[in-house]
$ cat upload-v3.cif   # mmCIF, C-alpha atoms and all ligand atoms
data_query
loop_
_atom_site.label_atom_id
_atom_site.label_comp_id
_atom_site.auth_asym_id
_atom_site.auth_seq_id
_atom_site.Cartn_x
_atom_site.Cartn_y
_atom_site.Cartn_z
CA MET A 6 -61.19 52.76 94.70
CA THR A 7 -58.20 50.97 96.15
CA GLN A 8 -54.72 51.19 94.69
CA ALA A 9 -55.05 47.61 93.51
CA GLN A 10 -58.32 48.30 91.70
CA LEU A 11 -56.75 51.29 89.97
CA ALA A 12 -53.92 49.05 88.83
CA GLN A 13 -56.30 46.62 87.15
CA GLY A 14 -56.21 46.99 83.42
CA THR A 15 -52.54 47.95 83.44
CA SER A 16 -49.94 45.26 82.73
CA PRO A 17 -49.32 42.94 85.68
CA LEU A 18 -46.30 43.31 87.97
CA LEU A 19 -46.03 39.53 88.10
CA ALA A 20 -47.58 37.05 85.69
CA VAL A 21 -47.79 33.31 86.33
CA ARG A 22 -48.39 31.65 82.97
CA ASN A 23 -49.53 28.04 82.73
CA VAL A 24 -47.01 26.81 85.31
CA SER A 25 -46.72 23.07 85.93
CA VAL A 26 -44.35 21.26 88.29
CA VAL A 27 -43.88 17.49 88.27
CA PHE A 28 -41.90 15.67 90.97
CA GLY A 29 -41.23 12.13 89.78
CA GLY A 30 -44.77 11.01 88.98
CA ILE A 31 -46.51 13.61 91.18
CA VAL A 32 -48.06 16.61 89.47
CA ALA A 33 -47.68 19.25 92.18
CA LEU A 34 -48.86 22.10 89.93
CA ASN A 35 -50.93 21.69 86.82
CA GLY A 36 -51.15 24.64 84.39
CA VAL A 37 -51.67 27.44 86.92
CA SER A 38 -52.04 31.03 85.65
CA PHE A 39 -52.81 34.31 87.41
CA ASP A 40 -51.68 37.96 87.47
CA MET A 41 -50.52 40.10 90.35
CA HIS A 42 -50.98 43.86 90.10
CA LYS A 43 -48.99 46.57 91.83
CA GLY A 44 -50.30 47.38 95.29
CA GLN A 45 -52.34 44.21 95.56
CA ILE A 46 -52.42 41.80 98.47
CA LEU A 47 -53.03 38.52 96.68
CA GLY A 48 -54.00 35.56 98.83
CA LEU A 49 -53.10 32.08 97.62
CA ILE A 50 -55.17 29.50 99.50
CA GLY A 51 -55.85 25.79 99.36
CA PRO A 52 -55.87 22.69 101.56
CA ASN A 53 -52.64 20.92 102.51
CA GLY A 54 -50.91 19.47 99.46
CA ALA A 55 -52.69 21.86 97.07
CA GLY A 56 -49.40 23.15 95.62
CA LYS A 57 -49.09 26.49 97.41
CA THR A 58 -45.50 26.06 98.61
CA THR A 59 -44.50 24.56 95.25
CA LEU A 60 -45.78 27.68 93.47
CA PHE A 61 -44.13 29.89 96.08
CA ASN A 62 -40.83 28.07 95.49
CA CYS A 63 -41.17 28.61 91.74
CA LEU A 64 -41.63 32.35 92.34
CA SER A 65 -38.55 32.48 94.59
CA ARG A 66 -36.66 30.31 92.04
CA LEU A 67 -36.01 27.34 94.32
CA TYR A 68 -37.98 25.12 91.94
CA GLN A 69 -37.86 25.16 88.17
CA PRO A 70 -41.29 24.73 86.55
CA SER A 71 -41.57 21.73 84.23
CA SER A 72 -43.47 24.02 81.84
CA GLY A 73 -44.96 27.51 81.73
CA ASP A 74 -43.39 30.86 82.52
CA ILE A 75 -43.21 33.47 85.29
CA LEU A 76 -42.79 37.09 84.23
CA MET A 77 -41.76 39.99 86.43
CA GLU A 78 -42.59 43.30 84.76
CA GLY A 79 -42.88 41.43 81.47
CA VAL A 80 -39.50 39.65 81.73
CA SER A 81 -39.16 35.92 82.44
CA ILE A 82 -37.47 35.19 85.78
CA LEU A 83 -36.82 31.53 84.97
CA SER A 84 -33.18 31.91 84.00
CA ARG A 85 -32.37 33.82 87.19
CA PRO A 86 -30.76 31.88 90.08
CA PRO A 87 -32.47 32.05 93.51
CA HIS A 88 -29.74 34.23 95.08
CA ARG A 89 -30.36 36.88 92.44
CA ILE A 90 -34.10 37.44 92.77
CA ALA A 91 -33.68 40.24 95.34
CA GLU A 92 -32.08 42.33 92.58
CA ILE A 93 -35.26 42.30 90.53
CA GLY A 94 -37.39 43.11 93.55
CA ILE A 95 -38.65 39.77 94.84
CA GLY A 96 -38.39 39.32 98.61
CA ARG A 97 -39.51 36.29 100.62
CA THR A 98 -39.99 34.73 104.02
CA PHE A 99 -39.94 31.00 104.75
CA GLN A 100 -42.79 28.80 106.07
CA ASN A 101 -40.48 27.67 108.85
CA VAL A 102 -38.40 30.61 110.02
CA ALA A 103 -34.99 30.48 108.34
CA LEU A 104 -32.88 33.09 110.11
CA PHE A 105 -29.29 32.79 111.28
CA PRO A 106 -30.09 31.65 114.85
CA ASN A 107 -26.75 32.70 116.36
CA LEU A 108 -26.69 36.18 114.88
CA SER A 109 -28.37 39.22 116.40
CA VAL A 110 -31.62 40.62 115.04
CA MET A 111 -29.69 43.53 113.56
CA ASP A 112 -27.19 41.31 111.77
CA ASN A 113 -29.96 39.16 110.33
CA VAL A 114 -31.67 42.24 108.94
CA ARG A 115 -28.33 43.50 107.62
CA VAL A 116 -27.98 40.31 105.56
CA GLY A 117 -31.27 41.20 103.87
CA ALA A 118 -30.13 44.74 103.09
CA HIS A 119 -26.88 43.42 101.62
CA SER A 120 -28.67 41.03 99.31
CA LYS A 121 -29.85 44.09 97.39
CA THR A 122 -26.84 46.40 97.56
CA SER A 123 -24.01 43.94 96.97
CA SER A 124 -24.28 40.77 94.98
CA ASP A 125 -20.59 40.01 94.78
CA ILE A 126 -18.09 40.20 97.63
CA ILE A 127 -15.00 40.24 95.40
CA SER A 128 -16.18 43.06 93.17
CA ASP A 129 -17.13 44.96 96.34
CA SER A 130 -13.65 44.64 97.76
CA LEU A 131 -12.30 46.18 94.57
CA ARG A 132 -14.55 49.17 95.01
CA LEU A 133 -13.86 50.14 98.60
CA ALA A 134 -15.10 53.71 98.44
CA TRP A 135 -18.32 52.52 96.94
CA VAL A 136 -18.62 49.83 99.62
CA ARG A 137 -18.10 52.34 102.43
CA ARG A 138 -20.83 54.51 101.02
CA SER A 139 -23.11 51.54 100.55
CA GLU A 140 -22.28 50.34 104.09
CA SER A 141 -23.63 53.54 105.59
CA SER A 142 -26.77 53.36 103.48
CA VAL A 143 -27.18 49.75 104.65
CA ASN A 144 -26.94 50.91 108.28
CA ASP A 145 -29.55 53.59 107.69
CA LYS A 146 -31.81 51.08 106.02
CA VAL A 147 -31.41 48.54 108.84
CA GLN A 148 -32.17 51.18 111.50
CA GLU A 149 -35.22 52.36 109.62
CA ILE A 150 -36.64 48.83 109.24
CA LEU A 151 -35.95 47.93 112.89
CA ALA A 152 -37.83 51.03 113.97
CA TYR A 153 -40.66 50.39 111.52
CA LEU A 154 -41.20 46.85 112.81
CA LYS A 155 -40.64 47.85 116.46
CA LEU A 156 -37.59 45.63 116.80
CA GLU A 157 -35.22 48.27 118.20
CA ASP A 158 -35.36 46.90 121.75
CA VAL A 159 -34.16 43.47 120.58
CA ALA A 160 -31.73 44.74 117.90
CA HIS A 161 -28.72 43.24 119.68
CA THR A 162 -30.43 40.08 120.92
CA VAL A 163 -29.46 36.74 119.40
CA VAL A 164 -32.38 35.47 117.32
CA SER A 165 -32.56 31.95 118.81
CA GLY A 166 -33.56 33.39 122.20
CA LEU A 167 -36.61 35.25 120.90
CA PRO A 168 -40.23 34.08 120.89
CA PHE A 169 -41.42 32.56 117.59
CA GLY A 170 -43.73 35.49 116.81
CA THR A 171 -40.83 37.94 117.15
CA GLN A 172 -38.60 35.73 114.99
CA LYS A 173 -41.26 35.89 112.28
CA ARG A 174 -41.18 39.69 112.51
CA VAL A 175 -37.38 39.59 112.14
CA GLU A 176 -37.80 37.51 109.01
CA LEU A 177 -40.20 40.08 107.65
CA ALA A 178 -37.67 42.80 108.50
CA ARG A 179 -34.95 40.91 106.66
CA ALA A 180 -37.12 40.58 103.55
CA LEU A 181 -38.12 44.27 103.68
CA ALA A 182 -34.52 45.41 104.07
CA ALA A 183 -33.85 44.48 100.44
CA ASP A 184 -36.61 46.92 99.35
CA PRO A 185 -38.58 44.38 97.36
CA LYS A 186 -41.32 45.28 94.91
CA ILE A 187 -43.09 42.05 95.76
CA LEU A 188 -43.09 40.41 99.17
CA LEU A 189 -43.74 36.67 99.16
CA LEU A 190 -45.04 35.34 102.49
CA ASP A 191 -45.41 31.58 103.01
CA GLU A 192 -47.89 30.86 105.82
CA PRO A 193 -46.83 33.80 107.98
CA ALA A 194 -49.64 33.04 110.45
CA GLY A 195 -48.45 29.45 111.09
CA GLY A 196 -47.70 28.90 114.78
CA LEU A 197 -49.18 32.24 115.86
CA ASN A 198 -52.09 32.65 118.30
CA HIS A 199 -55.32 34.47 117.49
CA GLU A 200 -54.14 37.86 118.77
CA GLU A 201 -50.79 37.55 116.97
CA VAL A 202 -52.55 36.69 113.70
CA TYR A 203 -54.69 39.82 114.02
CA VAL A 204 -51.60 41.98 114.66
CA LEU A 205 -49.82 40.36 111.71
CA GLY A 206 -52.75 41.06 109.37
CA ASP A 207 -52.70 44.69 110.38
CA LEU A 208 -48.94 44.83 109.84
CA ILE A 209 -49.11 43.31 106.35
CA ARG A 210 -51.76 45.82 105.34
CA ARG A 211 -49.67 48.68 106.75
CA ILE A 212 -46.60 47.48 104.86
CA ARG A 213 -48.62 47.50 101.64
CA ASP A 214 -50.01 50.98 102.31
CA ASP A 215 -46.92 52.72 103.76
CA ARG A 216 -44.24 51.07 101.67
CA HIS A 217 -46.25 50.64 98.45
CA MET A 218 -45.59 46.94 98.49
CA THR A 219 -47.28 44.19 96.52
CA VAL A 220 -47.82 41.10 98.66
CA LEU A 221 -48.37 37.43 97.82
CA LEU A 222 -49.77 35.81 100.93
CA VAL A 223 -49.79 32.01 100.97
CA GLU A 224 -52.08 30.76 103.70
CA HIS A 225 -53.64 27.48 104.56
CA HIS A 226 -56.13 29.08 106.95
CA MET A 227 -58.73 31.26 105.27
CA GLY A 228 -59.33 33.79 108.06
CA LEU A 229 -56.26 36.01 107.60
CA VAL A 230 -56.45 35.89 103.79
CA MET A 231 -60.12 36.75 103.70
CA SER A 232 -59.66 39.73 106.01
CA ILE A 233 -56.73 41.39 104.20
CA ALA A 234 -56.49 40.16 100.58
CA ASP A 235 -57.85 42.18 97.65
CA HIS A 236 -57.75 39.18 95.38
CA VAL A 237 -57.70 35.45 96.12
CA VAL A 238 -56.51 32.47 94.07
CA ALA A 239 -57.59 29.05 95.35
CA LEU A 240 -55.63 25.92 94.47
CA ASN A 241 -56.53 22.27 94.95
CA PHE A 242 -54.57 19.24 93.77
CA GLY A 243 -52.22 21.55 91.85
CA LYS A 244 -54.95 23.25 89.82
CA LYS A 245 -56.51 26.68 90.09
CA LEU A 246 -59.95 26.06 91.54
CA ALA A 247 -61.27 29.62 91.72
CA GLU A 248 -60.12 33.23 91.57
CA GLY A 249 -61.76 36.53 92.56
CA THR A 250 -62.53 38.76 95.51
CA PRO A 251 -62.41 37.13 98.96
CA ALA A 252 -66.22 37.08 99.01
CA GLN A 253 -66.45 35.44 95.58
CA VAL A 254 -63.90 32.76 96.40
CA GLN A 255 -65.38 32.07 99.82
CA ALA A 256 -68.79 31.49 98.23
CA ASP A 257 -67.45 29.28 95.43
CA PRO A 258 -68.98 25.79 95.70
CA ASP A 259 -65.75 24.07 94.56
CA VAL A 260 -63.73 25.93 97.20
CA ILE A 261 -66.23 25.06 99.93
CA LYS A 262 -66.13 21.43 98.84
CA ALA A 263 -62.31 21.33 98.80
CA TYR A 264 -62.10 22.76 102.31
CA LEU A 265 -64.89 20.59 103.71
CA GLY A 266 -63.22 17.58 102.16
CA SER A 267 -59.93 18.28 103.90
CA LYS A 268 -59.36 17.25 107.50
CA ASP A 269 -57.14 20.18 108.29
CA GLN A 270 -59.15 23.38 107.89
N1 LIG B 1 -39.76 18.44 96.81
C1 LIG B 1 -40.81 17.66 96.56
N2 LIG B 1 -40.64 16.39 96.11
C2 LIG B 1 -41.70 15.59 95.85
N3 LIG B 1 -42.98 15.95 96.02
C3 LIG B 1 -43.22 17.19 96.48
C4 LIG B 1 -42.16 18.11 96.78
N4 LIG B 1 -42.70 19.28 97.23
C5 LIG B 1 -44.04 19.10 97.21
N5 LIG B 1 -44.35 17.85 96.76
C6 LIG B 1 -45.72 17.30 96.56
O1 LIG B 1 -46.42 18.27 95.79
C7 LIG B 1 -47.74 18.43 96.25
C8 LIG B 1 -47.98 19.88 96.64
O2 LIG B 1 -47.26 20.18 97.84
P1 LIG B 1 -47.08 21.63 98.44
O3 LIG B 1 -46.75 22.57 97.35
O4 LIG B 1 -46.15 21.53 99.57
O5 LIG B 1 -48.57 21.93 98.97
P2 LIG B 1 -49.09 23.03 100.02
O6 LIG B 1 -48.02 24.01 100.30
O7 LIG B 1 -50.30 23.61 99.36
O8 LIG B 1 -49.49 22.26 101.25
C9 LIG B 1 -47.91 17.45 97.39
O9 LIG B 1 -48.48 16.27 96.86
C10 LIG B 1 -46.49 17.22 97.86
O10 LIG B 1 -46.37 15.96 98.46
MG MG B 2 -47.10 24.68 102.16
#
$ encode --input "upload-v3.cif" --output "structure tokens" --more "lines below"
Ligand SMILES: Nc1ncnc2c1ncn2[C@@H]1O[C@H](COP(=O)(O)OP(=O)(O)O)[C@@H](O)[C@H]1O
Ligand SMILES: [Mg+2]
Amino acid sequence: MTQAQLAQGTSPLLAVRNVSVVFGGIVALNGVSFDMHKGQILGLIGPNGAGKTTLFNCLSRLYQPSSGDILMEGVSILSRPPHRIAEIGIGRTFQNVALFPNLSVMDNVRVGAHSKTSSDIISDSLRLAWVRRSESSVNDKVQEILAYLKLEDVAHTVVSGLPFGTQKRVELARALAADPKILLLDEPAGGLNHEEVYVLGDLIRRIRDDRHMTVLLVEHHMGLVMSIADHVVALNFGKKLAEGTPAQVQADPDVIKAYLGSKDQ
């Protein structure tokens, strides 16, 4: 039995409850519900425009649902501003890499570590001893993550000069540096070649196993999701189309129809 299977039956780490999002007249999400359990890799799939990024942005608090609720360990996250989700253990990457291009790899990762240890610069400056202590724990954390993701050789390189695949790894490092309980990944395979996608899949699985992470993997392409997810939720036109194991979802007639009907699979 996998860790995720063992966790079934216990209360969910994250619960999405009947979430809808309306932009002007467009219903981007329409009453979507699902649970995420500790240790799971949950794949969220669907054709372009299905509502994946909208849901992702609700989880990272960039969008406010029009109705419904999102609970982390039983507590609603909807009153929490986006810059304070790291504190409750939600870490994210962006669909298009969003690093500080002129900072080094190390400094980008340091920003991630700080988002957990210090939420307020002024209160930090009033607690200098505490800051110094936390600064050294930040350094340890940054070194550990750089080593874990094999980024030590480029630690002092400015991010903008690195290949796209490496930049994506830096983004992952930045998210991990805040020690999240849940890692939200929006189309991490986008722009990567076949070999890089395979390496990434392996890495995501390792992160789950070694670091006891729970992962929400948003992917437009089915291949990566089907090879690493324990559980898959399929969206189409803002609604949940199907949910189950990768094999169940892949065989679902509605899912097959939605993907065949889209030009961009
Ligand atoms: N900020 C926004 N303003 C207006 N419409 C949006 C916005 N974001 C997404 N949408 C619309 O919501 C729907 C779902 O989009 P999105 O969540 O980006 O889908 P996906 O990530 O699955 O491709 C689409 O019809 C899209 O045009
Ligand atoms: Mg998207």
$ residues_near_ligand --input "upload-v3.cif" --ligand "ligand MG 2 (chain B)" --cutoff "12 Å" --atoms "only C-alpha atoms and all ligand atoms" --output "compact mmCIF listing (two decimals) with C-alpha atoms, in the coordinates of the input"
# COMPACT_ATOMS: atom_id res chain seq x y z
CA ALA A 33 -47.68 19.25 92.18
CA LEU A 49 -53.10 32.08 97.62
CA ILE A 50 -55.17 29.50 99.50
CA GLY A 51 -55.85 25.79 99.36
CA PRO A 52 -55.87 22.69 101.56
CA ASN A 53 -52.64 20.92 102.51
CA GLY A 54 -50.91 19.47 99.46
CA ALA A 55 -52.69 21.86 97.07
CA GLY A 56 -49.40 23.15 95.62
CA LYS A 57 -49.09 26.49 97.41
CA THR A 58 -45.50 26.06 98.61
CA THR A 59 -44.50 24.56 95.25
CA LEU A 60 -45.78 27.68 93.47
CA PHE A 61 -44.13 29.89 96.08
CA ASN A 62 -40.83 28.07 95.49
CA PHE A 99 -39.94 31.00 104.75
CA GLN A 100 -42.79 28.80 106.07
CA ASN A 101 -40.48 27.67 108.85
CA LEU A 190 -45.04 35.34 102.49
CA ASP A 191 -45.41 31.58 103.01
CA GLU A 192 -47.89 30.86 105.82
CA PRO A 193 -46.83 33.80 107.98
CA GLY A 195 -48.45 29.45 111.09
CA LEU A 222 -49.77 35.81 100.93
CA VAL A 223 -49.79 32.01 100.97
CA GLU A 224 -52.08 30.76 103.70
CA HIS A 225 -53.64 27.48 104.56
CA HIS A 226 -56.13 29.08 106.95
CA LEU A 240 -55.63 25.92 94.47
CA GLY A 243 -52.22 21.55 91.85
$ closest_residue --input "upload-v3.cif" --among "A:Val163, A:Ile46, A:Leu104, A:Val27" --to "Ser71 in chain A" --atoms "all atoms listed in the file"
A:Val27
$ closest_residue --input "upload-v3.cif" --among "A:Asp40, A:Leu67, A:Ala183, A:Ile90" --to "ligand LIG 1 (chain B)" --atoms "only C-alpha atoms and all ligand atoms"
A:Leu67
$ axis_aligned_box --input "upload-v3.cif" --around "ligand LIG 1 (chain B)" --padding-each-side "6 Å" --output "lines of an AutoDock Vina configuration file"
center_x = -45.0
center_y = 19.8
center_z = 98.5
size_x = 22.5
size_y = 20.4
size_z = 17.5
$ atom_distance --input "upload-v3.cif" --atom1 "CA of Val32 in chain A" --atom2 "CA of Pro86 in chain A"
23.1 Å
$ atom_distance --input "upload-v3.cif" --atom1 "CA of Met231 in chain A" --atom2 "CA of Ala194 in chain A"
13.0 Å
$ atom_distance --input "upload-v3.cif" --atom1 "CA of Pro87 in chain A" --atom2 "CA of Leu151 in chain A"
25.3 Å
